[in-house]
Every structure is written in structure tokens, then in C-alpha cells.
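Printed here is upload31.cif (mmCIF, C-alpha atoms):
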data_query
loop_
_atom_site.label_atom_id
_atom_site.label_comp_id
_atom_site.auth_asym_id
_atom_site.auth_seq_id
_atom_site.Cartn_x
_atom_site.Cartn_y
_atom_site.Cartn_z
CA MET A 1 235.98 83.21 69.83
CA SER A 2 232.42 84.45 69.28
CA THR A 3 232.05 88.18 69.33
CA ASP A 4 229.79 88.15 72.41
CA LEU A 5 232.19 85.96 74.32
CA GLU A 6 235.06 88.18 73.26
CA MET A 7 233.20 91.24 74.50
CA ASP A 8 232.47 89.49 77.81
CA VAL A 9 236.17 88.74 78.24
CA TRP A 10 237.09 92.33 77.45
CA ARG A 11 234.41 93.60 79.83
CA GLU A 12 235.80 91.44 82.60
CA GLN A 13 239.35 92.66 81.92
CA TRP A 14 238.18 96.26 81.68
CA GLN A 15 236.25 96.18 84.92
CA ALA A 16 239.04 94.28 86.70
CA ASP A 17 240.87 97.58 86.74
CA VAL A 18 239.37 98.75 89.96
CA ALA A 19 240.66 102.26 90.07
CA PRO A 20 241.40 103.83 93.43
CA ALA A 21 238.35 105.05 95.26
CA ILE A 22 237.31 108.64 94.90
CA PRO A 23 239.01 110.57 97.72
CA MET A 24 236.96 111.06 100.85
CA ASN A 25 237.53 114.79 100.85
CA LEU A 26 236.20 115.13 97.31
CA ARG A 27 232.93 116.65 98.41
CA ARG A 28 234.78 119.35 100.29
CA LYS A 29 236.83 120.10 97.16
CA VAL A 30 233.68 120.06 95.05
CA GLU A 31 231.94 122.48 97.37
CA ARG A 32 234.98 124.76 97.44
CA GLN A 33 235.17 124.84 93.65
CA SER A 34 231.44 125.53 93.33
CA TRP A 35 231.85 128.32 95.84
CA LEU A 36 234.77 129.80 93.86
CA MET A 37 232.66 129.79 90.69
CA LYS A 38 229.91 131.68 92.50
CA ILE A 39 232.50 134.14 93.78
CA GLY A 40 233.61 134.69 90.16
CA LEU A 41 230.08 135.61 89.13
CA ILE A 42 229.60 137.83 92.16
CA SER A 43 232.94 139.57 91.52
CA ASP A 44 231.84 140.53 87.98
CA THR A 45 228.72 142.08 89.41
CA LEU A 46 230.71 143.79 92.16
CA VAL A 47 233.11 145.33 89.61
CA THR A 48 230.10 146.85 87.87
CA ILE A 49 228.66 148.20 91.09
CA VAL A 50 231.98 149.50 92.43
CA MET A 51 233.10 151.10 89.14
CA GLY A 52 229.71 152.50 88.19
CA GLY A 53 228.70 153.40 91.72
CA GLY A 54 232.13 154.79 92.57
CA THR A 55 232.27 157.15 89.61
CA THR A 56 228.65 158.18 90.15
CA ALA A 57 229.35 158.97 93.80
CA TRP A 58 232.48 160.85 92.77
CA ALA A 59 230.46 162.89 90.25
CA LEU A 60 227.82 163.72 92.86
CA LEU A 61 230.33 164.73 95.52
CA SER A 62 232.78 166.57 93.31
CA PRO A 63 232.29 170.26 92.61
CA LYS A 64 233.89 169.76 89.17
CA ALA A 65 231.33 169.33 86.39
CA GLU A 66 233.72 167.32 84.20
CA VAL A 67 233.63 164.40 86.66
CA ALA A 68 230.07 163.73 85.52
CA LEU A 69 231.54 162.91 82.12
CA VAL A 70 233.65 160.16 83.73
CA ALA A 71 230.59 158.69 85.44
CA VAL A 72 228.56 158.73 82.23
CA ALA A 73 231.41 157.20 80.22
CA THR A 74 231.94 154.49 82.85
CA TRP A 75 228.27 153.49 82.71
CA VAL A 76 228.37 153.53 78.90
CA PHE A 77 231.43 151.24 78.90
CA LEU A 78 229.87 148.93 81.49
CA ALA A 79 226.57 148.78 79.63
CA ALA A 80 228.35 148.08 76.35
CA ALA A 81 230.38 145.28 77.97
CA TRP A 82 227.34 143.64 79.57
CA ALA A 83 225.25 144.01 76.42
CA PHE A 84 227.94 142.50 74.22
CA VAL A 85 228.73 139.63 76.57
CA LEU A 86 225.07 138.77 77.15
CA THR A 87 224.36 138.88 73.41
CA ALA A 88 227.45 136.82 72.58
CA ASN A 89 226.54 134.23 75.21
CA ARG A 90 222.87 134.00 74.26
CA GLY A 91 221.92 130.34 74.05
CA LEU A 92 225.30 129.28 75.38
CA TRP A 93 224.59 129.15 79.11
CA ALA A 94 223.44 125.54 79.10
CA PRO A 95 223.22 122.75 76.52
CA SER A 96 219.82 122.13 74.95
CA ALA A 97 220.36 118.45 75.70
CA LEU A 98 222.86 116.78 77.98
CA ASP A 99 224.33 114.29 75.53
CA ALA A 100 227.93 114.39 74.36
CA ALA A 101 227.17 115.45 70.76
CA THR A 102 225.17 118.48 71.91
CA PHE A 103 227.82 119.30 74.48
CA VAL A 104 230.61 119.32 71.89
CA ASP A 105 228.50 121.53 69.66
CA LEU A 106 227.94 123.91 72.56
CA SER A 107 231.66 123.92 73.38
CA VAL A 108 232.47 124.89 69.78
CA ARG A 109 229.97 127.75 69.89
CA ARG A 110 231.30 128.91 73.27
CA CYS A 111 234.82 128.94 71.89
CA ARG A 112 233.76 131.01 68.88
CA SER A 113 231.90 133.37 71.16
CA ALA A 114 234.98 133.75 73.39
CA LEU A 115 237.07 134.61 70.32
CA GLY A 116 234.49 137.24 69.33
CA ILE A 117 234.56 138.68 72.83
CA VAL A 118 238.35 139.01 72.59
CA TRP A 119 238.03 141.51 69.74
CA PHE A 120 235.33 143.39 71.58
CA ALA A 121 237.51 143.51 74.71
CA VAL A 122 240.41 144.94 72.69
CA GLY A 123 238.16 147.62 71.20
CA LEU A 124 236.62 148.48 74.55
CA PHE A 125 239.99 148.66 76.26
CA ILE A 126 241.36 151.02 73.62
CA CYS A 127 238.27 153.24 73.96
CA GLU A 128 238.65 153.30 77.74
CA VAL A 129 242.35 154.15 77.62
CA VAL A 130 241.85 156.85 74.98
CA PHE A 131 238.96 158.31 76.97
CA GLY A 132 240.82 158.11 80.30
CA LEU A 133 244.01 159.66 78.99
CA GLY A 134 242.11 162.21 76.90
CA TRP A 135 240.03 163.29 79.86
CA THR A 136 243.01 163.50 82.20
CA TYR A 137 245.07 165.48 79.67
CA HIS A 138 242.23 167.80 78.74
CA TYR A 139 241.45 168.71 82.33
CA SER A 140 245.01 168.76 83.66
CA VAL A 141 246.00 172.02 85.29
CA GLU A 142 249.41 172.41 83.67
CA ARG A 143 249.21 171.08 80.16
CA GLU A 144 252.54 169.81 78.81
CA PRO A 145 253.14 168.85 75.16
CA LEU A 146 251.05 165.72 74.51
CA MET A 147 253.88 163.32 73.60
CA LYS A 148 255.98 164.39 76.56
CA TRP A 149 252.97 164.02 78.84
CA LEU A 150 252.13 160.58 77.46
CA LEU A 151 255.67 159.26 77.80
CA PHE A 152 256.98 161.02 80.88
CA GLY A 153 253.86 162.61 82.35
CA SER A 154 253.63 160.82 85.67
CA VAL A 155 253.86 157.46 87.37
CA ARG A 156 250.11 157.05 86.82
CA ILE A 157 250.60 157.28 83.06
CA ASP A 158 253.42 154.73 83.26
CA VAL A 159 251.06 152.42 85.11
CA VAL A 160 248.52 152.81 82.27
CA TRP A 161 251.16 151.71 79.75
CA LEU A 162 252.20 148.79 81.94
CA VAL A 163 248.58 147.68 82.29
CA THR A 164 248.15 148.04 78.51
CA VAL A 165 251.16 145.84 77.81
CA ALA A 166 249.92 143.26 80.35
CA PHE A 167 246.42 143.39 78.87
CA PHE A 168 247.59 142.79 75.31
CA GLY A 169 249.94 140.04 76.49
CA ALA A 170 247.05 138.33 78.22
CA ILE A 171 244.79 138.80 75.19
CA VAL A 172 247.35 137.24 72.83
CA TRP A 173 247.82 134.28 75.20
CA TYR A 174 244.07 133.79 75.70
CA ARG A 175 243.27 134.09 72.00
CA ARG A 176 245.97 131.57 71.10
CA ARG A 177 244.66 129.16 73.73
CA LYS A 178 241.05 129.53 72.57
CA ARG A 179 242.01 129.06 68.91
CA ALA A 180 243.89 125.88 69.77
CA GLU A 181 240.90 124.70 71.80
CA LEU A 182 238.52 125.46 68.93
CA GLU A 183 240.72 123.63 66.46
CA SER A 184 240.89 120.67 68.80
CA LEU A 185 237.13 120.67 69.37
CA LEU A 186 236.43 120.75 65.64
CA LYS A 187 238.80 117.85 65.17
CA LEU A 188 237.13 115.97 68.00
CA ARG A 189 233.72 116.64 66.52
CA GLY A 190 234.97 115.21 63.26
CA GLU A 191 236.33 112.15 65.04
CA MET A 192 233.07 111.68 66.90
CA ALA A 193 231.25 111.58 63.61
CA VAL A 194 233.62 108.96 62.23
CA SER A 195 231.23 106.19 61.47
CA THR A 196 228.55 107.56 59.21
CA GLY A 197 226.54 110.60 58.43
CA ILE A 198 223.29 108.75 58.95
CA ASP A 199 221.99 110.78 61.85
CA ARG A 200 222.52 113.81 64.00
CA ASP A 201 226.08 113.11 65.07
CA VAL A 202 227.12 116.63 64.34
CA PRO A 203 224.47 119.19 65.07
CA SER A 204 224.80 122.20 62.83
CA THR A 205 226.24 125.32 64.39
CA MET B 1 215.75 119.12 96.12
CA ASP B 2 217.01 120.06 99.60
CA ARG B 3 220.67 119.94 100.54
CA ALA B 4 220.51 116.70 102.49
CA THR B 5 218.82 114.93 99.56
CA LEU B 6 221.40 116.41 97.19
CA GLU B 7 224.25 115.17 99.34
CA GLN B 8 222.69 111.73 99.58
CA SER B 9 222.22 111.54 95.80
CA PHE B 10 225.76 112.72 95.22
CA GLU B 11 227.21 110.15 97.59
CA ARG B 12 225.06 107.42 96.06
CA ILE B 13 226.09 108.27 92.48
CA LEU B 14 229.78 108.33 93.39
CA ALA B 15 229.55 105.15 95.43
CA ALA B 16 227.74 103.28 92.66
CA ASN B 17 229.74 104.65 89.72
CA GLY B 18 233.04 105.80 91.20
CA ALA B 19 235.14 103.01 89.71
CA ALA B 20 233.46 103.30 86.30
CA LEU B 21 233.87 107.08 86.29
CA SER B 22 237.52 106.66 87.16
CA ARG B 23 238.02 104.24 84.23
CA LEU B 24 236.17 106.62 81.90
CA ALA B 25 238.35 109.48 83.11
CA ALA B 26 241.42 107.32 82.46
CA SER B 27 240.27 106.73 78.87
CA TYR B 28 240.50 110.48 78.25
CA THR B 29 243.81 111.11 80.02
CA ASN B 30 247.44 110.02 79.87
CA THR B 31 248.61 110.19 83.43
CA ILE B 32 247.31 109.29 86.86
CA SER B 33 247.37 112.88 88.05
CA ASP B 34 245.43 114.02 84.95
CA ARG B 35 242.92 111.26 85.54
CA ASP B 36 242.46 112.33 89.16
CA ASP B 37 242.05 115.96 88.11
CA LEU B 38 239.49 114.99 85.50
CA LEU B 39 237.69 112.80 88.00
CA GLN B 40 237.45 115.74 90.33
CA GLU B 41 236.10 117.93 87.52
CA ILE B 42 233.51 115.26 86.76
CA ALA B 43 232.47 115.16 90.41
CA VAL B 44 232.15 118.96 90.48
CA ALA B 45 230.03 118.89 87.33
CA ILE B 46 227.80 116.15 88.77
CA TRP B 47 227.34 118.14 91.98
CA GLN B 48 226.42 121.25 90.01
CA ALA B 49 224.05 119.45 87.65
CA LEU B 50 222.30 117.44 90.38
CA PRO B 51 219.76 120.12 91.37
CA LYS B 52 218.50 120.14 87.76
CA PHE B 53 218.36 116.37 87.49
CA ARG B 54 214.71 115.34 87.29
CA GLY B 55 215.20 111.63 86.79
CA GLU B 56 214.53 111.68 83.02
CA CYS B 57 217.22 109.00 82.77
CA SER B 58 219.00 106.70 85.19
CA GLU B 59 221.59 108.14 87.55
CA ARG B 60 224.21 106.07 85.74
CA THR B 61 223.32 107.61 82.36
CA PHE B 62 223.30 111.05 83.98
CA ALA B 63 226.76 110.51 85.52
CA PHE B 64 228.26 109.02 82.34
CA ARG B 65 226.96 111.88 80.19
CA ILE B 66 228.67 114.34 82.46
CA ALA B 67 231.84 112.25 82.53
CA HIS B 68 232.04 112.15 78.73
CA ASN B 69 231.29 115.84 78.42
CA ARG B 70 234.04 116.73 80.87
CA GLY B 71 236.33 114.27 79.09
CA ILE B 72 235.75 116.05 75.79
CA THR B 73 236.52 119.41 77.40
CA HIS B 74 239.70 117.95 78.86
CA LEU B 75 240.75 116.56 75.46
CA ALA B 76 240.07 119.85 73.73
CA ARG B 77 242.24 121.68 76.24
CA THR B 78 245.14 119.30 76.32
CA ARG B 79 245.27 117.68 72.92
CA ALA B 80 247.48 120.25 71.28
CA GLN B 81 250.25 119.39 73.72
CA MET B 82 250.02 115.62 73.30
CA SER B 83 252.78 113.82 71.44
CA ASP B 84 252.26 110.08 71.36
CA PRO B 85 249.75 109.41 74.08
CA ILE B 86 249.89 105.67 74.28
CA GLU B 87 253.59 105.46 75.06
CA GLU B 88 253.16 107.87 77.93
CA ILE B 89 250.28 106.20 79.69
CA GLU B 90 251.01 105.48 83.30
CA VAL B 91 249.25 102.28 84.13
CA TYR B 92 247.70 102.07 87.56
CA ASP B 93 249.64 99.39 89.32
CA PRO B 94 248.45 98.33 92.76
CA THR B 95 250.60 96.19 95.03
CA PRO B 96 252.05 93.16 93.19
CA GLY B 97 250.00 89.97 93.51
CA PRO B 98 250.48 86.35 92.47
CA GLU B 99 251.68 85.62 88.93
CA SER B 100 248.23 84.76 87.64
CA ASP B 101 247.03 88.13 88.84
CA LEU B 102 249.96 89.72 87.09
CA ALA B 103 249.06 88.08 83.77
CA GLN B 104 245.46 89.14 84.22
CA ARG B 105 246.56 92.67 84.98
CA GLN B 106 248.81 92.76 81.93
CA ARG B 107 245.91 91.72 79.72
CA ALA B 108 243.76 94.42 81.30
CA ASP B 109 246.52 96.98 80.74
CA ARG B 110 246.88 95.94 77.09
CA LEU B 111 243.16 96.35 76.62
CA LYS B 112 243.19 99.74 78.32
CA GLN B 113 246.03 100.96 76.13
CA ALA B 114 244.35 99.66 72.98
CA VAL B 115 241.10 101.41 73.93
CA HIS B 116 243.10 104.58 74.47
CA ARG B 117 244.37 104.43 70.89
CA LEU B 118 240.90 104.39 69.35
CA PRO B 119 239.48 107.56 67.79
CA VAL B 120 237.25 109.37 70.29
CA GLY B 121 233.98 108.45 68.56
CA TYR B 122 234.78 104.75 68.83
CA ARG B 123 236.43 105.03 72.24
CA GLN B 124 233.29 106.50 73.77
CA VAL B 125 231.09 103.72 72.47
CA ILE B 126 233.45 100.92 73.49
CA THR B 127 234.10 102.28 77.00
CA LEU B 128 230.39 102.56 77.65
CA THR B 129 229.84 99.05 76.30
CA LEU B 130 232.62 97.72 78.50
CA GLU B 131 230.95 99.40 81.47
CA GLY B 132 227.85 97.36 80.69
CA LEU B 133 225.59 99.93 79.04
CA GLY B 134 223.15 98.84 76.36
CA TYR B 135 222.59 100.51 72.97
CA ARG B 136 219.74 102.61 74.31
CA GLU B 137 221.74 104.01 77.22
CA ILE B 138 224.80 104.66 75.04
CA SER B 139 222.57 106.46 72.58
CA ASP B 140 221.23 108.62 75.45
CA VAL B 141 224.70 109.40 76.75
CA LEU B 142 226.26 110.29 73.40
CA GLY B 143 223.32 111.78 71.55
CA ILE B 144 223.51 109.44 68.56
CA SER B 145 220.97 106.93 67.28
CA GLU B 146 220.99 103.32 68.41
CA SER B 147 221.77 102.20 64.86
CA ASN B 148 224.80 104.44 64.85
CA VAL B 149 225.87 103.00 68.20
CA GLY B 150 225.81 99.57 66.55
CA VAL B 151 227.82 100.74 63.54
CA ARG B 152 230.43 102.39 65.74
CA LEU B 153 230.62 99.45 68.10
CA ASN B 154 231.33 97.02 65.26
CA ARG B 155 234.04 99.25 63.87
CA ALA B 156 235.50 99.87 67.34
CA ARG B 157 235.57 96.15 68.01
CA GLN B 158 237.41 95.46 64.74
CA LEU B 159 239.96 98.15 65.49
CA LEU B 160 240.39 96.86 69.01
CA GLN B 161 240.99 93.33 67.74
CA ASP B 162 243.61 94.64 65.31
CA LEU B 163 245.34 96.67 68.01
CA LEU B 164 245.38 93.79 70.49
CA GLU B 165 246.72 91.41 67.81
CA LYS B 166 249.53 93.84 67.01
CA ARG B 167 250.49 94.16 70.65
CA LYS B 168 250.69 90.42 71.31
#
Can the structure from this file be put into C-alpha cells for me?
Amino acid sequence: MSTDLEMDVWREQWQADVAPAIPMNLRRKVERQSWLMKIGLISDTLVTIVMGGGTTAWALLSPKAEVALVAVATWVFLAAAWAFVLTANRGLWAPSALDAATFVDLSVRRCRSALGIVWFAVGLFICEVVFGLGWTYHYSVEREPLMKWLLFGSVRIDVVWLVTVAFFGAIVWYRRRKRAELESLLKLRGEMAVSTGIDRDVPST
Amino acid sequence: MDRATLEQSFERILAANGAALSRLAASYTNTISDRDDLLQEIAVAIWQALPKFRGECSERTFAFRIAHNRGITHLARTRAQMSDPIEEIEVYDPTPGPESDLAQRQRADRLKQAVHRLPVGYRQVITLTLEGLGYREISDVLGISESNVGVRLNRARQLLQDLLEKRK
């Protein structure tokens, strides 16, 4: 069989598989998902406004001068988080071209950026917890021995430890998932460049 | 682009390429439910990219680029969990027809499974060729040169022949 004829036969067989039609309600699903993504972006902004604004309002309304320290620290943490995330994601918002090779390259860089952000998030979280606990302990009315206060101080402190455990659990899970994804993407990029190295199959990272 | 125009374009792209997009999604997935999920992701991505589409390429090229990009993302997320993909493929099986149809369907299924076994770089080129795209369009979709499309297609075809021979 000539190669063209063979390809025609394959094409006919391939296209004979008329897959089920795209569901009628797809557009509704698509719109809902797009809406959820927008909500995600808005919620990040809202967290900033609520946390920053809330602590600022608290500092302005409270007669205690030390509350101002909380407001300042909150804004410092928020600014650091935004600055780091924006820097880490620079050039990663959209592909420079829409083709598959560029997209894979972008996905690899996004994965590496996400892994970098994980370390930053761990550092920032530790700073926040140390600051929060330090501030609370320092300005508490009846100061108990530190270790006793940290372990049996109050339900609020227990909640901090629970959140910390949950945070680190989530970080370990997320980092493992991103590493597996990166490994897989690198392998895919290698597979996509299988034929030759004669042109820009694999854009440099 | 206003909303009504967007909706019209979206409907037109899905109507014209729905079956092809579904086959492309199937080439990246192992099960019907995964294929449907991926198809939905592709549709979402098309909807989101449409406002930025300025007609630099055909709507088909635009839709196929997005489909392949989403397919790659899907593979990257799920690959680590895959064991032996080809044995697990659920073949879409509509209501049984006459025997000749059955034989035809079996050949189509064999081809689909063989395509699924190809390395991604070859699979992308062969699926686009089987959908009727020329070298130029494939090159636009994948971001490789036309000469490389030719090299890959030849190699993919050889591998496909070998796989189909083995499965006879």
C-alpha cells in the first residue's frame, strides 16, 4: 500500500470514531468555571484588604499603642508576599506564543516558580507565627513561663499549632505534587523533542 | 469582541471541531470520564482565550493549539499515576451495528490504541495529520518547523505500522 493511501485509510478510520457530541450544558459549565477563577483572584485581593484594612482599623480604634505594631507587621507580610509572588510569576502569566512547545516551556517555568514560592511560603508562615506568638506573649497581662504558655496557654494557641500542622501537611503534599508534575513535564518535553535537535523544539528555560 | 460575538464564535468553534477535539482529548487520556473532563477543560480554555484571538491563524489551528496545550497539562498531572495505559483504555462503543460496521470499528479502535502508544512528540503530529491538518498548520499548532513535522511524521508512521502489525 502506498504511504499516502495508507494515511488516507488511517484518516478515514480515525475520523470514523465520531465521539459523542459536546454536552449542551457545556457553556454553562465553562462560564461557571471562568467565574470561579475570577472569584479566586478577587478572594486573594480581598484577603489583603481585609487583613491589612482590619489590622489598620484595629490600630486606629484601639487605645493600645502596641496594636500599631500588628498593623505594620501585617502590611509588611502582605507586601512581602505580593512582591515575591509577582516577581516569581514575572513573565509567566501568559505564553509568549500559543504553540505547544512554548506552552510546555511555560508550564515547566511555572512549576519551578511554584516550588520556589513553597519555600517562601514556609519562611513567611514561620515569621508570622513567631511574630504573632511573640507579640501575644510579650503583651499578655499575666505572663506564664514561655514553654507552659506555648503548650498549654489557651485554646487559641492550640489552634495556632493545629493550623501549623495543617499548613505543613498541605505544603508537603503540594510540593510533592509539583515536583512530580515538573518531572513529568521535563520528561514530556524530552519526548516532544524526540525526532531531532534541528530547530527550536525545546526553548531554553 | 462583544459577548454575543464571543458566544457565536465559541459555538461555531465547538460545532465545527467538537468531534476532532474529542478525539484529540481521547489521545491524551485513558478513560471516557478523563476524556470528558479534558474536553471540558479545553472548552474552558477556548472560551477564556477567545477574547484575545485576533484571527492570526484559523479557528481550527487556534482550537487545536489549546487542545494540545491542555492535553500536555493533563499528561503532566496524571502521568505519574499511570501504569500501562494502553491496556486500560476504554474504547467508546456506541450501540452495536451490523458486522461490517463492527469490523470497521475494531480497525478504528486498533488504530486509536496504537496512536495512544506513540511517544507524545509523534502522537501530536500523527493525530493532527489524521485530523486533516497540513504541515504548515501542524507547525503552527506545535511550534516546530515544517521540516521537523515531516521528520516526526515519517517516524510516527513507521512506529504506527509496526504497532498495527504486532496487534494483528
With a distance cut-off of 8 Å and all atoms listed in the file, select the neighbouring residues of region 49-63 of chain A, excluding the residue or stretch itself and same-chain residues fewer than 5 positions from it, and output the selection as JSON, numbers by chain. {"A": [68, 70, 71, 72, 74, 75, 78]}
Top pick for closest residue to Phe64 (chain B), considering A:Ala121, A:Ala73, A:Ala100, A:Ala81 and counting only C-alpha atoms: A:Ala100
For region 111-124 of chain B, please output as a list in words all residues within 6 Å (counting only C-alpha atoms; exclusion window: fewer than 3 positions along the same chain).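 With the cut-off at 6 Å, the set is Glu191 and Met192 of chain A; Ser27, Ala108, Thr127, Arg152, Ala156 and Leu163 of chain B.
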When you draw a straight line from CA of Ile42 (chain B) to CA of Arg70 (chain B), how long is it in Å?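 Result for CA of Ile42 (chain B) versus CA of Arg70 (chain B): 6.1 Å, one decimal.
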Atom-to-atom span, CA of Ala193 (chain A) and CA of Arg176 (chain A), Å: 25.9 Å
Quote the spacing between CA of Val104 (chain A) and CA of Leu186 (chain A) in Å to one decimal place.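 CA of Leu186 (chain A) lies 8.7 Å from CA of Val104 (chain A).
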